[in-house]
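Engineer: My file is upload10.cif. It has mmCIF, C-alpha atoms:
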data_model
#
loop_
_atom_site.label_atom_id
_atom_site.label_comp_id
_atom_site.auth_asym_id
_atom_site.auth_seq_id
_atom_site.Cartn_x
_atom_site.Cartn_y
_atom_site.Cartn_z
CA MET R 1 24.32 19.22 7.18
CA ASP R 2 21.33 17.55 5.58
CA GLN R 3 23.23 14.37 4.73
CA THR R 4 24.30 12.57 7.87
CA THR R 5 27.58 10.66 7.92
CA ASP R 6 28.64 7.28 9.20
CA GLY R 7 31.32 8.66 11.44
CA PRO R 8 34.29 6.58 12.55
CA ARG R 9 33.80 2.88 11.93
CA GLY R 10 35.51 0.08 13.77
CA PRO R 11 34.83 -3.65 13.71
CA GLU R 12 31.78 -3.19 15.94
CA THR R 13 30.08 -0.72 13.55
CA ALA R 14 31.20 -2.09 10.20
CA ARG R 15 28.73 -4.94 10.51
CA VAL R 16 25.02 -5.29 11.20
CA ALA R 17 24.62 -5.00 14.96
CA ARG R 18 21.25 -6.73 15.20
CA GLY R 19 18.60 -8.68 13.31
CA GLY R 20 15.06 -7.64 12.49
CA VAL R 21 12.34 -6.35 14.77
CA GLN R 22 11.40 -8.53 17.72
CA ALA R 23 7.89 -9.00 19.13
CA ARG R 24 8.59 -6.93 22.25
CA GLU R 25 9.62 -3.95 20.08
CA ARG R 26 6.45 -3.79 18.01
CA ALA R 27 3.95 -0.96 18.50
CA LEU R 28 0.21 -1.45 18.12
CA ALA R 29 -0.61 1.35 15.66
CA PRO R 30 1.57 0.31 12.66
CA ASP R 31 0.51 -3.34 12.85
CA LEU R 32 -3.15 -2.50 13.41
CA ALA R 33 -3.01 -0.11 10.44
CA ARG R 34 -1.42 -2.77 8.22
CA GLY R 35 -3.99 -5.35 9.25
CA LEU R 36 -6.92 -3.09 8.40
CA MET R 37 -5.15 -1.86 5.27
CA LEU R 38 -5.05 -5.42 3.92
CA LEU R 39 -8.84 -5.58 4.07
CA LEU R 40 -8.99 -2.38 2.02
CA ILE R 41 -6.41 -3.75 -0.45
CA VAL R 42 -8.23 -7.01 -1.04
CA LEU R 43 -11.48 -5.10 -1.60
CA SER R 44 -9.82 -2.68 -4.01
CA ASN R 45 -8.41 -5.59 -6.05
CA THR R 46 -11.81 -7.18 -6.66
CA ALA R 47 -12.45 -5.30 -9.92
CA PHE R 48 -9.50 -7.07 -11.57
CA HIS R 49 -11.39 -10.36 -11.46
CA LEU R 50 -14.81 -9.29 -12.78
CA TYR R 51 -13.76 -10.12 -16.34
CA ALA R 52 -17.21 -11.13 -17.61
CA ALA R 53 -18.88 -7.88 -16.56
CA GLU R 54 -19.51 -4.89 -18.80
CA HIS R 55 -16.91 -2.17 -18.33
CA GLY R 56 -17.16 1.50 -19.18
CA PRO R 57 -14.60 4.16 -20.14
CA SER R 58 -12.74 3.96 -16.83
CA GLY R 59 -11.84 0.35 -17.51
CA TRP R 60 -11.81 -0.71 -13.86
CA HIS R 61 -15.16 -1.06 -12.21
CA PRO R 62 -18.04 -2.63 -14.16
CA VAL R 63 -21.02 -0.53 -15.18
CA ASP R 64 -23.69 -3.24 -15.17
CA GLY R 65 -25.45 -4.94 -12.28
CA SER R 66 -28.11 -4.16 -9.72
CA ALA R 67 -28.69 -1.08 -7.60
CA LEU R 68 -26.74 -2.81 -4.83
CA ASP R 69 -23.79 -3.31 -7.18
CA ARG R 70 -23.84 0.37 -8.11
CA ALA R 71 -23.98 1.34 -4.44
CA VAL R 72 -21.02 -0.90 -3.63
CA ARG R 73 -19.00 0.58 -6.49
CA LEU R 74 -19.85 4.12 -5.44
CA VAL R 75 -18.57 3.45 -1.91
CA MET R 76 -15.44 1.71 -3.21
CA ILE R 77 -14.56 4.50 -5.63
CA VAL R 78 -14.97 7.12 -2.91
CA THR R 79 -13.16 5.29 -0.12
CA LEU R 80 -10.70 2.90 -1.80
CA ASP R 81 -9.67 3.81 -5.34
CA MET R 82 -6.23 5.46 -5.30
CA ARG R 83 -6.57 5.90 -1.54
CA VAL R 84 -5.39 2.48 -0.36
CA TYR R 85 -2.07 2.52 -2.23
CA PRO R 86 -0.99 5.84 -0.66
CA LEU R 87 -1.85 4.25 2.69
CA PHE R 88 0.29 1.25 1.75
CA GLY R 89 3.08 3.55 0.57
CA PHE R 90 3.09 5.52 3.81
CA LEU R 91 3.25 2.39 5.97
CA PHE R 92 5.92 0.91 3.70
CA GLY R 93 8.11 4.02 4.00
CA TYR R 94 7.48 4.15 7.73
CA GLY R 95 8.69 0.57 8.08
CA MET R 96 11.83 1.35 6.08
CA MET R 97 12.78 4.16 8.42
CA GLN R 98 11.96 2.04 11.47
CA LEU R 99 14.39 -0.60 10.24
CA PHE R 100 17.08 2.02 9.62
CA LEU R 101 16.65 3.65 13.04
CA ARG R 102 16.65 0.31 14.89
CA GLN R 103 19.89 -0.67 13.21
CA THR R 104 21.69 2.60 13.81
CA ALA R 105 20.49 2.74 17.43
CA ALA R 106 22.03 -0.72 17.96
CA GLY R 107 25.39 0.42 16.58
CA THR R 108 25.19 -0.47 12.91
CA SER R 109 26.75 2.18 10.71
CA GLU R 110 24.35 4.21 8.63
CA ARG R 111 25.96 2.98 5.44
CA ARG R 112 25.58 -0.64 6.51
CA ALA R 113 21.97 -0.08 7.56
CA ALA R 114 21.28 1.47 4.15
CA ARG R 115 22.79 -1.60 2.50
CA LEU R 116 20.33 -3.75 4.40
CA LEU R 117 17.50 -1.72 2.90
CA TYR R 118 19.04 -2.02 -0.56
CA ARG R 119 19.14 -5.78 -0.14
CA ARG R 120 15.60 -5.87 1.15
CA GLY R 121 14.39 -3.70 -1.74
CA PHE R 122 16.09 -5.95 -4.29
CA TRP R 123 14.41 -9.06 -2.92
CA LEU R 124 11.05 -7.30 -2.81
CA VAL R 125 11.45 -6.62 -6.54
CA VAL R 126 12.17 -10.30 -7.13
CA ILE R 127 9.19 -11.40 -5.01
CA GLY R 128 6.95 -8.86 -6.73
CA LEU R 129 7.92 -9.99 -10.23
CA LEU R 130 7.31 -13.63 -9.31
CA HIS R 131 3.97 -12.70 -7.79
CA SER R 132 2.86 -10.71 -10.82
CA THR R 133 3.97 -13.37 -13.30
CA LEU R 134 2.51 -16.34 -11.49
CA LEU R 135 -0.67 -14.93 -9.95
CA MET R 136 -1.46 -11.21 -9.86
CA ALA R 137 -0.40 -8.74 -12.56
CA GLY R 138 -1.32 -5.76 -10.40
CA ASP R 139 1.33 -6.63 -7.80
CA ILE R 140 2.63 -3.60 -5.92
CA VAL R 141 5.39 -5.25 -3.89
CA GLY R 142 7.86 -5.06 -6.77
CA ALA R 143 7.01 -1.45 -7.51
CA TYR R 144 7.54 -0.49 -3.89
CA GLY R 145 10.80 -2.44 -3.93
CA VAL R 146 12.03 -0.29 -6.84
CA ALA R 147 10.78 2.86 -5.10
CA SER R 148 12.56 1.84 -1.90
CA LEU R 149 15.90 1.51 -3.71
CA LEU R 150 15.55 5.06 -4.99
CA LEU R 151 14.32 6.37 -1.64
CA VAL R 152 17.34 4.93 0.16
CA LEU R 153 19.65 6.54 -2.39
CA LEU R 154 18.00 9.96 -2.37
CA PHE R 155 16.26 10.56 0.96
CA LEU R 156 16.98 8.02 3.69
CA ARG R 157 19.82 9.84 5.42
CA ARG R 158 18.55 13.34 4.88
CA ALA R 159 17.68 15.50 7.86
CA PRO R 160 14.01 15.33 8.96
CA ARG R 161 13.37 18.92 7.90
CA THR R 162 14.75 18.19 4.44
CA GLN R 163 12.55 15.09 4.18
CA LEU R 164 9.52 17.19 5.05
CA VAL R 165 10.46 19.80 2.43
CA TRP R 166 10.89 17.12 -0.23
CA ALA R 167 7.50 15.67 0.67
CA GLY R 168 6.03 19.12 0.04
CA ILE R 169 7.88 19.36 -3.28
CA ALA R 170 6.54 15.94 -4.29
CA ALA R 171 3.00 17.07 -3.45
CA ALA R 172 3.47 20.15 -5.62
CA VAL R 173 4.83 18.00 -8.47
CA THR R 174 1.79 15.74 -8.21
CA VAL R 175 -0.54 18.71 -8.58
CA LEU R 176 1.50 20.03 -11.53
CA LEU R 177 1.30 16.67 -13.30
CA TYR R 178 -2.47 16.94 -13.21
CA ALA R 179 -2.61 20.70 -13.76
CA GLY R 180 -4.19 20.49 -17.23
CA PRO R 181 -7.16 18.26 -16.34
CA LEU R 182 -7.69 20.01 -13.01
CA TRP R 183 -7.75 23.43 -14.66
CA ALA R 184 -10.20 22.17 -17.27
CA LEU R 185 -12.39 20.77 -14.51
CA ALA R 186 -12.27 24.08 -12.65
CA ARG R 187 -13.43 25.83 -15.84
CA GLY R 188 -16.32 23.39 -16.14
CA ASP R 189 -14.92 21.65 -19.22
CA VAL R 190 -15.35 18.15 -17.81
CA GLY R 191 -14.70 16.31 -21.07
CA ALA R 192 -11.61 18.26 -22.15
CA PHE R 193 -9.13 15.45 -21.48
CA GLY R 194 -9.08 11.74 -22.21
CA PRO R 195 -10.13 9.73 -25.26
CA ALA R 196 -13.71 10.14 -26.42
CA ALA R 197 -13.84 6.41 -27.17
CA GLY R 198 -11.60 3.42 -27.14
CA ASP R 199 -10.90 0.09 -25.52
CA PRO R 200 -10.07 0.59 -21.84
CA PRO R 201 -7.57 -1.82 -20.31
CA SER R 202 -10.12 -3.25 -17.87
CA THR R 203 -9.30 -6.85 -16.93
CA ARG R 204 -7.42 -7.52 -20.19
CA ASP R 205 -4.01 -6.45 -18.91
CA TYR R 206 -4.51 -8.59 -15.82
CA ALA R 207 -5.45 -11.69 -17.86
CA SER R 208 -8.09 -12.83 -15.38
CA GLY R 209 -10.37 -13.74 -18.29
CA THR R 210 -7.73 -15.75 -20.18
CA GLU R 211 -8.44 -19.47 -20.17
CA SER R 212 -4.86 -20.64 -20.76
CA TYR R 213 -2.62 -20.28 -17.72
CA LEU R 214 0.51 -19.95 -19.88
CA ASP R 215 -1.06 -17.22 -22.03
CA ALA R 216 -2.25 -15.46 -18.91
CA MET R 217 1.21 -15.73 -17.39
CA GLY R 218 2.75 -14.01 -20.40
CA THR R 219 0.27 -11.12 -20.14
CA ARG R 220 0.78 -10.84 -16.39
CA ALA R 221 4.57 -10.80 -16.81
CA THR R 222 4.32 -7.89 -19.26
CA THR R 223 1.92 -5.94 -17.05
CA GLY R 224 3.91 -6.71 -13.91
CA PHE R 225 7.15 -5.56 -15.50
CA PHE R 226 5.53 -2.26 -16.48
CA VAL R 227 3.94 -1.71 -13.05
CA THR R 228 7.23 -2.51 -11.31
CA PHE R 229 9.76 -0.60 -13.37
CA VAL R 230 7.62 2.29 -14.58
CA GLY R 231 5.22 2.62 -11.67
CA GLY R 232 7.96 2.20 -9.06
CA PRO R 233 10.02 5.27 -10.04
CA LEU R 234 6.84 7.30 -10.55
CA MET R 235 6.00 6.72 -6.88
CA LEU R 236 8.70 9.23 -6.03
CA THR R 237 6.46 11.97 -7.41
CA ALA R 238 3.99 11.20 -4.59
CA PRO R 239 4.74 12.60 -1.14
CA GLN R 240 3.58 9.82 1.18
CA MET R 241 6.76 7.72 1.37
CA VAL R 242 9.14 10.61 2.10
CA LEU R 243 6.56 12.03 4.50
CA ALA R 244 6.59 8.64 6.24
CA PHE R 245 10.37 8.94 6.75
CA TRP R 246 9.80 12.20 8.59
CA ALA R 247 6.91 10.75 10.62
CA ALA R 248 8.93 7.67 11.62
CA ARG R 249 11.76 9.84 12.92
CA ARG R 250 9.19 11.53 15.16
CA ARG R 251 7.68 8.13 16.17
CA VAL R 252 4.20 9.32 15.27
CA LEU R 253 2.73 5.81 15.11
CA GLU R 254 4.71 4.28 17.98
CA GLU R 255 3.79 7.18 20.30
CA PRO R 256 0.44 8.53 19.06
CA HIS R 257 -0.26 10.03 22.49
CA ARG R 258 2.47 12.60 21.80
CA HIS R 259 0.98 13.61 18.45
CA LEU R 260 -2.76 13.67 19.07
CA ARG R 261 -3.27 17.20 17.73
CA LEU R 262 -1.45 16.37 14.49
CA LEU R 263 -3.29 13.07 14.08
CA ARG R 264 -6.72 14.56 14.79
CA ARG R 265 -6.22 17.47 12.41
CA THR R 266 -4.93 15.14 9.72
CA ALA R 267 -7.87 12.77 10.10
CA VAL R 268 -10.48 15.53 10.16
CA VAL R 269 -9.09 17.33 7.11
CA ALA R 270 -7.52 14.61 4.95
CA VAL R 271 -10.17 11.88 5.02
CA PRO R 272 -13.11 14.13 3.96
CA ALA R 273 -10.90 15.84 1.36
CA GLY R 274 -9.91 12.46 -0.05
CA TRP R 275 -13.51 11.28 -0.22
CA LEU R 276 -14.77 14.50 -1.77
CA GLY R 277 -12.05 14.32 -4.42
CA ALA R 278 -13.28 10.90 -5.55
CA LEU R 279 -17.00 11.63 -5.21
CA PRO R 280 -17.45 13.20 -8.70
CA MET R 281 -15.89 10.10 -10.29
CA ALA R 282 -18.13 7.85 -8.21
CA LEU R 283 -21.28 9.80 -9.09
CA ALA R 284 -20.43 9.80 -12.78
CA HIS R 285 -19.49 6.13 -12.86
CA SER R 286 -22.75 5.24 -11.10
CA GLY R 287 -24.78 7.17 -13.65
CA ILE R 288 -26.02 9.71 -11.12
CA TRP R 289 -24.09 12.49 -12.87
CA HIS R 290 -23.96 12.29 -16.66
CA VAL R 291 -20.62 13.38 -18.13
CA PRO R 292 -18.77 12.80 -21.43
CA PRO R 293 -17.07 9.36 -21.53
CA ALA R 294 -13.67 11.06 -21.76
CA ALA R 295 -14.10 12.45 -18.25
CA LEU R 296 -14.18 8.92 -16.83
CA SER R 297 -11.09 7.66 -18.62
CA ALA R 298 -7.74 7.25 -16.89
CA GLU R 299 -6.58 10.54 -18.47
CA GLY R 300 -9.83 12.38 -17.81
CA THR R 301 -10.61 15.27 -15.51
CA LEU R 302 -12.52 13.25 -12.91
CA ALA R 303 -9.77 10.65 -12.70
CA ALA R 304 -7.26 13.48 -12.20
CA LEU R 305 -9.24 14.89 -9.29
CA ARG R 306 -9.61 11.42 -7.78
CA ASP R 307 -5.91 10.65 -8.12
CA VAL R 308 -4.50 13.95 -6.91
CA THR R 309 -6.56 13.75 -3.70
CA GLY R 310 -5.66 10.10 -3.14
CA THR R 311 -2.67 10.87 -0.96
CA LEU R 312 -4.87 12.92 1.35
CA GLY R 313 -7.22 10.00 1.79
CA GLY R 314 -4.41 7.51 2.39
CA VAL R 315 -2.57 9.67 4.93
CA GLY R 316 -5.90 10.43 6.59
CA TYR R 317 -6.49 6.71 7.05
CA VAL R 318 -3.09 6.40 8.72
CA ALA R 319 -4.13 9.08 11.21
CA VAL R 320 -7.47 7.36 11.87
CA PHE R 321 -5.79 4.01 12.55
CA ALA R 322 -3.23 5.64 14.84
CA LEU R 323 -6.00 7.34 16.80
CA LEU R 324 -7.88 4.05 17.01
CA ALA R 325 -4.78 2.36 18.42
CA HIS R 326 -4.35 5.17 20.95
CA HIS R 327 -7.94 4.98 22.18
CA LEU R 328 -8.05 1.21 22.54
CA SER R 329 -8.00 0.36 26.21
CA GLU R 330 -5.51 -2.18 27.53
CA ARG R 331 -8.36 -4.67 27.76
CA ALA R 332 -9.35 -4.00 24.14
CA ARG R 333 -5.74 -4.43 23.03
CA ARG R 334 -5.85 -7.97 24.38
CA HIS R 335 -9.23 -8.72 22.79
CA PRO R 336 -9.03 -11.62 20.31
CA VAL R 337 -10.24 -9.41 17.45
CA THR R 338 -7.57 -6.77 18.06
CA VAL R 339 -4.89 -9.43 18.48
CA ALA R 340 -5.99 -11.18 15.27
CA VAL R 341 -6.05 -8.02 13.13
CA THR R 342 -2.70 -6.95 14.53
CA ALA R 343 -1.34 -10.42 13.75
CA VAL R 344 -2.28 -9.83 10.11
CA GLY R 345 -0.36 -6.55 10.17
CA LYS R 346 2.72 -8.32 11.49
CA ARG R 347 2.48 -10.72 8.55
CA SER R 348 1.39 -8.23 5.90
CA LEU R 349 3.52 -9.64 3.05
CA SER R 350 2.34 -13.21 3.66
CA THR R 351 -1.25 -12.02 3.86
CA TYR R 352 -0.99 -9.97 0.67
CA LEU R 353 0.43 -12.94 -1.25
CA THR R 354 -2.20 -15.27 0.24
CA HIS R 355 -4.93 -13.07 -1.21
CA SER R 356 -3.65 -13.94 -4.67
CA LEU R 357 -3.12 -17.61 -3.82
CA ILE R 358 -6.86 -17.79 -3.17
CA PHE R 359 -8.15 -15.21 -5.65
CA ALA R 360 -6.30 -16.29 -8.78
CA PRO R 361 -7.11 -20.03 -9.03
CA VAL R 362 -10.64 -19.61 -7.74
CA LEU R 363 -11.70 -16.54 -9.74
CA ALA R 364 -9.64 -16.52 -12.96
CA ALA R 365 -10.87 -18.14 -16.16
CA TRP R 366 -7.82 -20.45 -16.22
CA GLY R 367 -8.86 -21.71 -12.78
CA LEU R 368 -12.34 -22.36 -11.44
CA GLY R 369 -13.68 -19.25 -13.20
CA LEU R 370 -15.87 -18.03 -10.34
CA GLY R 371 -15.14 -14.44 -11.33
CA ALA R 372 -17.45 -14.80 -14.34
CA HIS R 373 -20.39 -15.48 -12.02
CA LEU R 374 -19.87 -12.76 -9.41
CA ASN R 375 -20.84 -9.10 -9.44
CA SER R 376 -19.49 -6.11 -7.53
CA ALA R 377 -21.48 -6.84 -4.38
CA THR R 378 -20.84 -10.59 -4.20
CA MET R 379 -17.19 -10.08 -5.10
CA ALA R 380 -16.83 -7.68 -2.17
CA LEU R 381 -18.32 -10.36 0.10
CA PHE R 382 -15.91 -12.93 -1.30
CA ALA R 383 -12.96 -10.59 -0.72
CA THR R 384 -14.02 -9.94 2.86
CA GLY R 385 -14.25 -13.69 3.40
CA VAL R 386 -10.72 -14.15 2.03
CA TRP R 387 -9.44 -11.49 4.42
CA LEU R 388 -11.16 -13.23 7.34
CA VAL R 389 -9.46 -16.49 6.36
CA THR R 390 -6.09 -14.73 6.50
CA VAL R 391 -7.03 -13.20 9.86
CA ALA R 392 -7.67 -16.67 11.26
CA ALA R 393 -4.41 -17.98 9.81
CA ALA R 394 -2.39 -15.05 11.15
CA HIS R 395 -3.99 -15.44 14.59
CA ALA R 396 -2.99 -19.12 14.60
CA LEU R 397 0.59 -18.19 13.72
CA GLU R 398 0.57 -15.52 16.43
CA ARG R 399 -0.51 -18.04 19.06
CA ALA R 400 2.22 -20.40 17.88
CA ASP R 401 4.77 -17.54 18.01
CA ARG R 402 5.61 -18.00 14.32
CA ARG R 403 6.32 -15.45 11.63
CA GLY R 404 4.50 -15.48 8.34
CA PRO R 405 6.31 -17.63 5.75
CA ALA R 406 7.01 -14.69 3.44
CA GLU R 407 8.38 -12.62 6.33
CA ALA R 408 10.63 -15.51 7.37
CA VAL R 409 12.02 -15.82 3.83
CA LEU R 410 12.50 -12.06 3.44
CA ARG R 411 14.25 -11.85 6.81
CA ARG R 412 16.59 -14.67 5.83
CA LEU R 413 17.38 -12.98 2.53
CA THR R 414 17.88 -9.58 4.16
CA TYR R 415 19.71 -10.45 7.38
CA GLY R 416 20.96 -13.97 6.69
CA THR R 417 19.12 -15.31 9.73
CA ALA R 418 16.34 -17.84 9.95
CA ASP R 419 14.51 -16.63 13.04
CA HIS R 420 10.82 -17.41 12.51
CA ARG R 421 9.53 -15.89 15.75
CA GLY R 422 8.10 -12.48 16.64
#
Can the structure from this file be put into structure tokens for me?
Structural biologist:
Amino acid sequence: MDQTTDGPRGPETARVARGGVQARERALAPDLARGLMLLLIVLSNTAFHLYAAEHGPSGWHPVDGSALDRAVRLVMIVTLDMRVYPLFGFLFGYGMMQLFLRQTAAGTSERRAARLLYRRGFWLVVIGLLHSTLLMAGDIVGAYGVASLLLVLLFLRRAPRTQLVWAGIAAAVTVLLYAGPLWALARGDVGAFGPAAGDPPSTRDYASGTESYLDAMGTRATTGFFVTFVGGPLMLTAPQMVLAFWAARRRVLEEPHRHLRLLRRTAVVAVPAGWLGALPMALAHSGIWHVPPAALSAEGTLAALRDVTGTLGGVGYVAVFALLAHHLSERARRHPVTVAVTAVGKRSLSTYLTHSLIFAPVLAAWGLGLGAHLNSATMALFATGVWLVTVAAAHALERADRRGPAEAVLRRLTYGTADHRG
């Protein structure tokens, strides 16, 4: 049967048999991947705050600035745009399955373990909506919370082979959704899709250029609600989260030494394919390749090619990080840099929220307004500096054997315990 059952339940299995993950149970690869992922996320979010810059048809990255700014944008479009969120989605789904397997291995019934994930998903939606309303309209925590509720309902207790099949179906659906623009691009009709002109969303929907905090909060709430409750269900059309369920059952990240062939093939194929899929968009946005404005829009052919290859790039990054964790020597694992980056991964929710706690009041027009004075290159430096601040903070918490504050709250809400260690 594809759907596993709880089996007989007595008093010992009708309850949660254990709390959350403990420090001794953590593997290097998932936490290292999350720590490095957060650097990629904070870099990819920089465009939201460049509200004074000139924006083109794509509405995200600016089009003005120096040659260095154009070079930075080219690299970011190729390596980050629509590649980091599939990476996040994979690691998020992987963590969900890890939680489920730890609970069931300890004696918790499958139904009860699923309820834990429902509760966790609900509180992630609440945290995400608060985050988007108060600080960052582009919050993804709430959207992944919604997606997790649906994933638990539809796929959590399916057999691994069924999960792999559904990941393949989701990949096919993704391609079909972009079939029109991709076919037009294959025919050489680059400008066949997308508006020929118009006002792209740019930073407007994120309210970073709004001088009144209350006005900005209203805009962010509207955008955050849309991202959460429309974007969340749409995530099920992408394969990375269901694929992560399958990978977690095989312990691909906990035991990379057993999956080196799979990881190497994935890294070698998926990362270049992901980069090549975004390269036409990057070349066009940088002015190196001249195309009709419609091609650069969110509905355009180049955006379609970038988006449909995003999952490849994100899953490829997972493989690269797993291989990196495997090849780190025991001495390197204890190096302060490795420990600090891994500490960030252990506190990924706290780190993600801290990005906004620094970004929003410093960069937004309702705060200090620094975003009006930065360009793509200096904003990338600022973002890297913010990530380094969170690395230092996470390292300090690691040395003190303390959880991140957001992880402590989420654990209390999920399990009803207040253990701050691990």
Engineer: Would you mind listing, for every residue of segment 294-381 of chain R within 12 Å of segment 217-232 of chain R, the two atoms forming the shortest contact and the distance between them in Å to one decimal, using only C-alpha atoms, sorted by chain and ascending residue number, as a tab-separated table?
Structural biologist:
residue	atom	partner	partner_atom	distance
R:Ala360	CA	R:Met217	CA	11.4
R:Ala364	CA	R:Met217	CA	11.7
R:Trp366	CA	R:Met217	CA	10.3
Engineer: Please provide as a PyMOL selection string all residues within 12 Å of Tyr144 of chain R, with the sequence filter that same-chain residues fewer than 5 positions apart are discarded (counting only C-alpha atoms).
Structural biologist: chain R and resi 85-86+88-93+96+120-129+139+149-152+227-236+241
Engineer: Using all atoms listed in the file, which residues of segment 291-371 of chain R come within 6 Å of segment 245-267 of chain R, and what is the closest atom pair for each, with the distance in Å to one decimal? Give it as a tab-separated table, sorted by chain and residue number.
Structural biologist:
residue	atom	partner	partner_atom	distance
R:Gly316	CA	R:Ala267	CA	4.7
R:Ala319	CA	R:Leu263	CA	5.0
R:Val320	CA	R:Ala267	CA	5.7
R:Ala322	CA	R:Leu253	CA	6.0
Engineer: At a cut-off of 7 Å, using only C-alpha atoms, what residues contact Ala52 of chain R? Leave out same-chain residues fewer than 2 positions from it and give the result as a PyMOL selection string.
Structural biologist: chain R and resi 50+54+372
Engineer: Mind pulling up the distance from atom CA of Gly310 of chain R to atom CA of Thr174 of chain R?
Structural biologist: 10.6 Å
Engineer: Determine, counting only C-alpha atoms, which protein, DNA and RNA residues have an atom within 12 Å of an atom of Leu368 of chain R; residues of the same chain fewer than 3 positions away are not included. Present the result as a list of chain:residue names.
Structural biologist: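 The residues that qualify are R:Ser208, R:Gly209, R:Thr210, R:Glu211, R:Tyr213, R:Ile358, R:Phe359, R:Ala360, R:Pro361, R:Val362, R:Leu363, R:Ala364, R:Ala365, R:Gly371, R:Ala372, R:His373.
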Engineer: Got time to write the residues from that selection, C-alpha atoms, as a PDB file, keeping the file's coordinate frame?
Structural biologist:
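Saved the output as again.pdb:
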ATOM      1  CA  SER R 208      -8.090 -12.830 -15.380  1.00  0.00           C
ATOM      2  CA  GLY R 209     -10.370 -13.740 -18.290  1.00  0.00           C
ATOM      3  CA  THR R 210      -7.730 -15.750 -20.180  1.00  0.00           C
ATOM      4  CA  GLU R 211      -8.440 -19.470 -20.170  1.00  0.00           C
ATOM      5  CA  TYR R 213      -2.620 -20.280 -17.720  1.00  0.00           C
ATOM      6  CA  ILE R 358      -6.860 -17.790  -3.170  1.00  0.00           C
ATOM      7  CA  PHE R 359      -8.150 -15.210  -5.650  1.00  0.00           C
ATOM      8  CA  ALA R 360      -6.300 -16.290  -8.780  1.00  0.00           C
ATOM      9  CA  PRO R 361      -7.110 -20.030  -9.030  1.00  0.00           C
ATOM     10  CA  VAL R 362     -10.640 -19.610  -7.740  1.00  0.00           C
ATOM     11  CA  LEU R 363     -11.700 -16.540  -9.740  1.00  0.00           C
ATOM     12  CA  ALA R 364      -9.640 -16.520 -12.960  1.00  0.00           C
ATOM     13  CA  ALA R 365     -10.870 -18.140 -16.160  1.00  0.00           C
ATOM     14  CA  GLY R 371     -15.140 -14.440 -11.330  1.00  0.00           C
ATOM     15  CA  ALA R 372     -17.450 -14.800 -14.340  1.00  0.00           C
ATOM     16  CA  HIS R 373     -20.390 -15.480 -12.020  1.00  0.00           C
TER      17      HIS R 373
END
Engineer: Please identify all polymer residues lying at most 8 Å from the point (-10.7, -7.3, 3.6) (file coordinates), using all atoms listed in the file, and present the result as a ChimeraX atom specification.
Structural biologist: /R:36-43,383-388
Engineer: Could you please determine the separation between atom CA of Ala406 of chain R and atom CA of Thr354 of chain R in Å, to one decimal place?
Structural biologist: 9.8 Å
Engineer: Would you work out the distance separating atom CA of Leu243 of chain R from atom CA of Gly168 of chain R, expressed in Å to one decimal?
Structural biologist: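 Distance between the two atoms: 8.4 Å.
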Engineer: On this file, the PyMOL selection byres ((chain R and resi 164) around 10) gives some set of residues; write that set as a PyMOL selection string.
Structural biologist: chain R and resi 158-163+165-170+239+242-247
